[in-house]
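Peer 1: Handing you this structure, nothing more for now.
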There are 2 protein chains.
Amino acid sequence: MVLKELAFTEYTSPDAFTEIHKPVPAEAPVTIRVNGKELVTLLCTPENLKELALGFLYLEGFISGMDDVLLLRVCDEEREIEARLREEVSLPAHQVIVSGCGKGLTYMDVSKGDYQFGPGPCLAPQQIFALMEELYRKALHYRVAGGIHTSGISDGKGLLWVAEDIGRHNTLDKLKGYCLLKGIPTEGKLILTTGRISSEMLAKAARMGVPFIVSRTSATVLAVELARKWGITLVGYARGGGFLIYSGVNRIEGWQG
Amino acid sequence: MVLKELAFTEYTSPDAFTEIHKPVPAEAPVTIRVNGKELVTLLCTPENLKELALGFLYLEGFISGMDDVLLLRVCDEEREIEARLREEVSLPAHQVIVSGCGKGLTYMDVSKGDYQFGPGPCLAPQQIFALMEELYRKALHYRVAGGIHTSGISDGKGLLWVAEDIGRHNTLDKLKGYCLLKGIPTEGKLILTTGRISSEMLAKAARMGVPFIVSRTSATVLAVELARKWGITLVGYARGGGFLIYSGVNRIEGWQG
């Protein structure tokens with residue numbers, strides 16, 4: 001259940017109260033158990049849970065590929081994901097509550113990341129707008145209910161897959177999980193997202209090998225600094241026919257440095 | 001440093017690239033140390049860090065008031081908050097990565113909350129709009145740079161204090177921390193916020209004793225269900241002269257059930 005129709009009241013003008021029915025985004029606690037032990041509980045949009053769990057395990061460094069996964073299944077009315085991994089995992093002692101538009105937990109130490117991206121993909125502004133339009137078209141739950149984020153992974157020509165979730169970070173986990181399941185390399189691809197780019201969003205993309213990120217909204221200083229250090233193109237506020245290029249403008253066609 | 005002016009490139013129309021300077025929201029890792037031991041690292045807007053730490057400790061259940069706090073200071077160029085508490089704390093084994101527009105970590109078990117709010121404050125729609133307008137007026141960093149959330153606490157007549165942070169949840173922590181420092185009870189007050197109301201936002205408000213929450217944006221099903229269970233008025237999409245009342249419509253003047 002991604003959306004649930006609720007009955008509530010709408011106020012539109014002085015003393016105009018109307019009883020309405022509208023779909024509202026669900027939010028569910030989903031526990032990932034690894035080799036019988038509880039690893040973590042994610043609050044998320046309960047859809048594509050296999051993708052979410054796989055991507056989370058990969059992007060947080062618990063697995064390095066599908067070879068590490070012996071079994072993965074969604075149990076207990078979609079409230080638990082059971083993973084059997086080749087090796088035992090344990091939570092690092094150092095945990096960071098990440099911010100962004102919400103807060104978040106990561107075990108990655110963002111500042112220690114050591115990525116260096118080559119020239120990689122180069123896109124014309126019109127391609128960027130076309131991909132963002134495709135993203136909105138495919139944001140099915142958002143268009144019905146609002147209050148949900150959408151991210152897509154692209155080869156530059158179109159979107160390969162789109163994930164929706166109330167958590168920005170969860171959408172990236174789901175994208176990576178999908179690509180792991182399908183055997184699609186994420187290296188050199190692009191990410192388009194409605195969510196804000198804070199440091200851990202950038203770090204998740206970097207770990208996916210993605211050198212080009214486009215957001216409908218803003219970026220933080222730390223994300224911009226990391227993007228510049230790692231050679232990632234970071235585009236923000238891509239809407240209404242314009243955008244801001246915080247980093248890696250050399251990958252935008254038409255720019256002359 | 002809440003905002004930092006960066007130089008980057010703006011694209012506005014075919015082949016129109018402009019070098020611009022604009023302030024961008026900062027994002028900093030701030031570590032809370034309790035009695036000499038690292039408790040957690042928050043990624044946040046580095047402003048009002050005492051308030052942030054105090055509110056976090058209270059709303060996550062590590063302290064029950066100022067009597068538990070022997071010392072609190074911000075050290076190391078605002079990258080570390082040192083708290084000396086009367087009692088030792090330890091991280092619960094059960095951790096939940098909360099979602100929302102980002103993800104988050106909480107040690108509260110939301111479903112176990114057992115709040116029951118009485119009749120409490122009753123507001124006219126015009127008061128709600130006036131408070132939201134005051135919130136926007138006081139959202140100084142947002143108006144300059146965007147990409148940041150604002151929340152305010154109110155007695156119904158005006159805003160007592162306003163907090164800004166890239167993390168929605170951090171804004172509530174800061175509000176509670178401010179009120180703890182100033183000896184202002186939060187019970188029976190209202191919260192106005194630009195951020196989405198997911199379950200842990202609602203739970204933080206409930207723990208503050210706040211029976212009335214107004215958001216500029218959306219709510220999740222779980223937040224609505226908890227608000228109904230606990231008797232909290234939850235108003236969403238308060239903008240443009242209208243809003244949605246997900247729960248507790250009896251506290252809105254003019255409504256006739």
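Every chain in the structure tokens has a letter given in the order shown (A, B, ...), and although residue numbers restart at 1 in each chain, ligands are simply numbered from 1 in the order shown.
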Name the residues in contact with Thr31 in chain B at a cut-off of 8 Å, using only C-alpha atoms, excluding same-chain residues fewer than 3 positions from it; report them as number ranges by chain.

Peer 2: B: 38-42, 79-81

Peer 1: Find the residues around range 123-127 of chain A up to 8 Å (only C-alpha atoms counted), leave out those fewer than 2 positions away in its own chain, and share them as a list of chain:residue names.

Peer 2: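 That gives A:Pro121, A:Phe129, A:Ala130, A:Leu131, A:Gly156, A:Lys157, A:Arg251, A:Ile252, A:Glu253, A:Gly254, B:Pro14.
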
Peer 1: Within 12 Å of range 158-170 of chain A, which residues of range 163-241 of chain B show up? Give each one with its shortest atom-to-atom distance in Å (one decimal) and the two atoms involved, counting only C-alpha atoms, rows by chain then rising residue number, as a Markdown table.

Peer 2:
| residue | atom | partner | partner_atom | distance |
| --- | --- | --- | --- | --- |
| B:Arg196 | CA | A:Ile166 | CA | 9.7 |
| B:Ile197 | CA | A:Ile166 | CA | 10.8 |
| B:Ser198 | CA | A:Ile166 | CA | 8.8 |
| B:Ser199 | CA | A:Ile166 | CA | 11.5 |
| B:Ser218 | CA | A:Ile166 | CA | 10.5 |
| B:Ala219 | CA | A:Ile166 | CA | 10.1 |
| B:Thr220 | CA | A:Ile166 | CA | 8.4 |
| B:Val221 | CA | A:Ile166 | CA | 11.1 |
| B:Leu222 | CA | A:Ile166 | CA | 11.8 |

Peer 1: Take the residues just selected and output them with C-alpha atoms as a compact mmCIF listing (two decimals), in the first residue's frame.

Peer 2:
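As a result, out-v2.txt now contains:
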# COMPACT_ATOMS: atom_id res chain seq x y z
CA ARG B 196 6.45 17.60 5.97
CA ILE B 197 4.81 15.79 8.88
CA SER B 198 5.93 12.21 9.03
CA SER B 199 5.49 9.99 12.07
CA SER B 218 1.99 17.22 3.40
CA ALA B 219 1.51 14.54 6.02
CA THR B 220 1.92 10.79 5.82
CA VAL B 221 -0.77 8.22 6.62
CA LEU B 222 1.12 7.08 9.73

Peer 1: Report as a list in words all protein, DNA and RNA residues lying within 7 Å of Leu6 in chain B, evaluated on only C-alpha atoms, omitting residues in the same chain fewer than 2 positions from it.

Peer 2: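 Residues meeting the cut-off are Lys4, Phe8, His21, Lys22, Pro23 and Val24 of chain B.
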
Peer 1: Per DSSP on the backbone, filter range 81-208 of chain A down to the residues in strand (DSSP E or B) and report them as number ranges by chain.

Peer 2: A: 81-85, 96-98, 103-106, 123, 149-154, 159-165, 190-193, 197

Peer 1: Give me the residues within 8 Å of range 49-64 of chain B as an MDAnalysis selection string, counting only C-alpha atoms and dropping any in the same chain fewer than 6 places off.

Peer 2: chainID B and resid 32 72:74 78 81 89 106:108 170:178 180:181 204 207:208

Peer 1: Okay, now the selection with N, CA and C atoms, as a tab-separated table (two decimals), in the first residue's frame?

Peer 2:
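That gives us again31.tsv:
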chain	number	residue	atom	x	y	z
B	32	ILE	N	27.63	15.21	19.21
B	32	ILE	CA	27.22	15.40	20.61
B	32	ILE	C	27.97	14.37	21.45
B	72	LEU	N	26.73	22.19	29.48
B	72	LEU	CA	26.51	22.06	28.03
B	72	LEU	C	27.32	23.14	27.35
B	73	ARG	N	28.25	22.74	26.49
B	73	ARG	CA	28.99	23.79	25.78
B	73	ARG	C	29.36	23.37	24.36
B	74	VAL	N	29.46	24.39	23.54
B	74	VAL	CA	29.80	24.19	22.14
B	74	VAL	C	31.30	24.42	22.01
B	78	GLU	N	32.55	25.00	16.82
B	78	GLU	CA	31.16	24.62	16.57
B	78	GLU	C	31.02	23.27	15.88
B	81	ILE	N	29.55	19.32	20.55
B	81	ILE	CA	28.81	19.80	21.72
B	81	ILE	C	29.09	18.85	22.86
B	89	VAL	N	24.30	7.76	29.71
B	89	VAL	CA	23.32	7.35	28.71
B	89	VAL	C	23.95	6.28	27.82
B	106	THR	N	15.92	7.66	14.93
B	106	THR	CA	15.26	7.98	16.19
B	106	THR	C	15.36	6.78	17.10
B	107	TYR	N	15.34	7.04	18.38
B	107	TYR	CA	15.33	5.94	19.34
B	107	TYR	C	13.96	5.82	19.97
B	108	MET	N	13.06	6.72	19.57
B	108	MET	CA	11.69	6.62	20.04
B	108	MET	C	10.99	5.50	19.29
B	170	ASN	N	15.58	18.64	12.93
B	170	ASN	CA	16.45	19.52	13.71
B	170	ASN	C	15.73	20.79	14.14
B	171	THR	N	14.82	21.29	13.30
B	171	THR	CA	14.12	22.52	13.68
B	171	THR	C	13.28	22.28	14.94
B	172	LEU	N	12.66	21.11	15.05
B	172	LEU	CA	11.87	20.83	16.25
B	172	LEU	C	12.77	20.65	17.47
B	173	ASP	N	13.89	19.96	17.28
B	173	ASP	CA	14.86	19.83	18.38
B	173	ASP	C	15.28	21.22	18.87
B	174	LYS	N	15.57	22.11	17.93
B	174	LYS	CA	16.01	23.46	18.31
B	174	LYS	C	14.91	24.22	19.06
B	175	LEU	N	13.67	24.08	18.62
B	175	LEU	CA	12.57	24.75	19.32
B	175	LEU	C	12.47	24.26	20.77
B	176	LYS	N	12.51	22.93	20.94
B	176	LYS	CA	12.40	22.39	22.29
B	176	LYS	C	13.60	22.82	23.13
B	177	GLY	N	14.80	22.78	22.54
B	177	GLY	CA	16.00	23.18	23.28
B	177	GLY	C	15.94	24.63	23.72
B	178	TYR	N	15.46	25.50	22.84
B	178	TYR	CA	15.30	26.91	23.18
B	178	TYR	C	14.36	27.06	24.38
B	180	LEU	N	13.58	24.86	26.64
B	180	LEU	CA	14.22	24.33	27.86
B	180	LEU	C	15.16	25.37	28.46
B	181	LEU	N	15.98	25.98	27.59
B	181	LEU	CA	16.94	26.98	28.06
B	181	LEU	C	16.25	28.19	28.69
B	204	LYS	N	7.73	13.85	17.86
B	204	LYS	CA	8.53	14.88	18.56
B	204	LYS	C	7.60	15.97	19.10
B	207	ARG	N	5.73	14.66	22.16
B	207	ARG	CA	6.59	14.64	23.35
B	207	ARG	C	6.78	16.05	23.91
B	208	MET	N	6.66	17.06	23.09
B	208	MET	CA	6.72	18.44	23.55
B	208	MET	C	5.40	18.87	24.19

Peer 1: Which of range 139-178 of chain B end up as helix (DSSP H, G or I) when DSSP is run on this backbone - answer as a list in words?

Peer 2: Leu140, His141, Tyr142, Arg143, Val144, Ala145, Arg168, His169, Asn170, Thr171, Leu172, Asp173, Lys174, Leu175, Lys176, Gly177 and Tyr178 of chain B

Peer 1: Write the selection just made, keeping C-alpha atoms, as an mmCIF file, in the first residue's frame?

Peer 2:
data_model
loop_
_atom_site.group_PDB
_atom_site.id
_atom_site.type_symbol
_atom_site.label_atom_id
_atom_site.label_comp_id
_atom_site.auth_asym_id
_atom_site.auth_seq_id
_atom_site.Cartn_x
_atom_site.Cartn_y
_atom_site.Cartn_z
ATOM 1 C CA LEU B 140 15.600 34.812 7.069
ATOM 2 C CA HIS B 141 18.005 32.200 5.720
ATOM 3 C CA TYR B 142 15.338 30.607 3.567
ATOM 4 C CA ARG B 143 14.487 33.913 1.941
ATOM 5 C CA VAL B 144 18.126 34.531 1.066
ATOM 6 C CA ALA B 145 19.213 31.069 -0.026
ATOM 7 C CA ARG B 168 13.153 19.294 9.385
ATOM 8 C CA HIS B 169 13.604 17.313 12.588
ATOM 9 C CA ASN B 170 16.453 19.518 13.714
ATOM 10 C CA THR B 171 14.120 22.516 13.679
ATOM 11 C CA LEU B 172 11.868 20.826 16.253
ATOM 12 C CA ASP B 173 14.860 19.834 18.383
ATOM 13 C CA LYS B 174 16.009 23.458 18.311
ATOM 14 C CA LEU B 175 12.567 24.749 19.322
ATOM 15 C CA LYS B 176 12.399 22.388 22.294
ATOM 16 C CA GLY B 177 16.003 23.176 23.280
ATOM 17 C CA TYR B 178 15.298 26.909 23.184
#
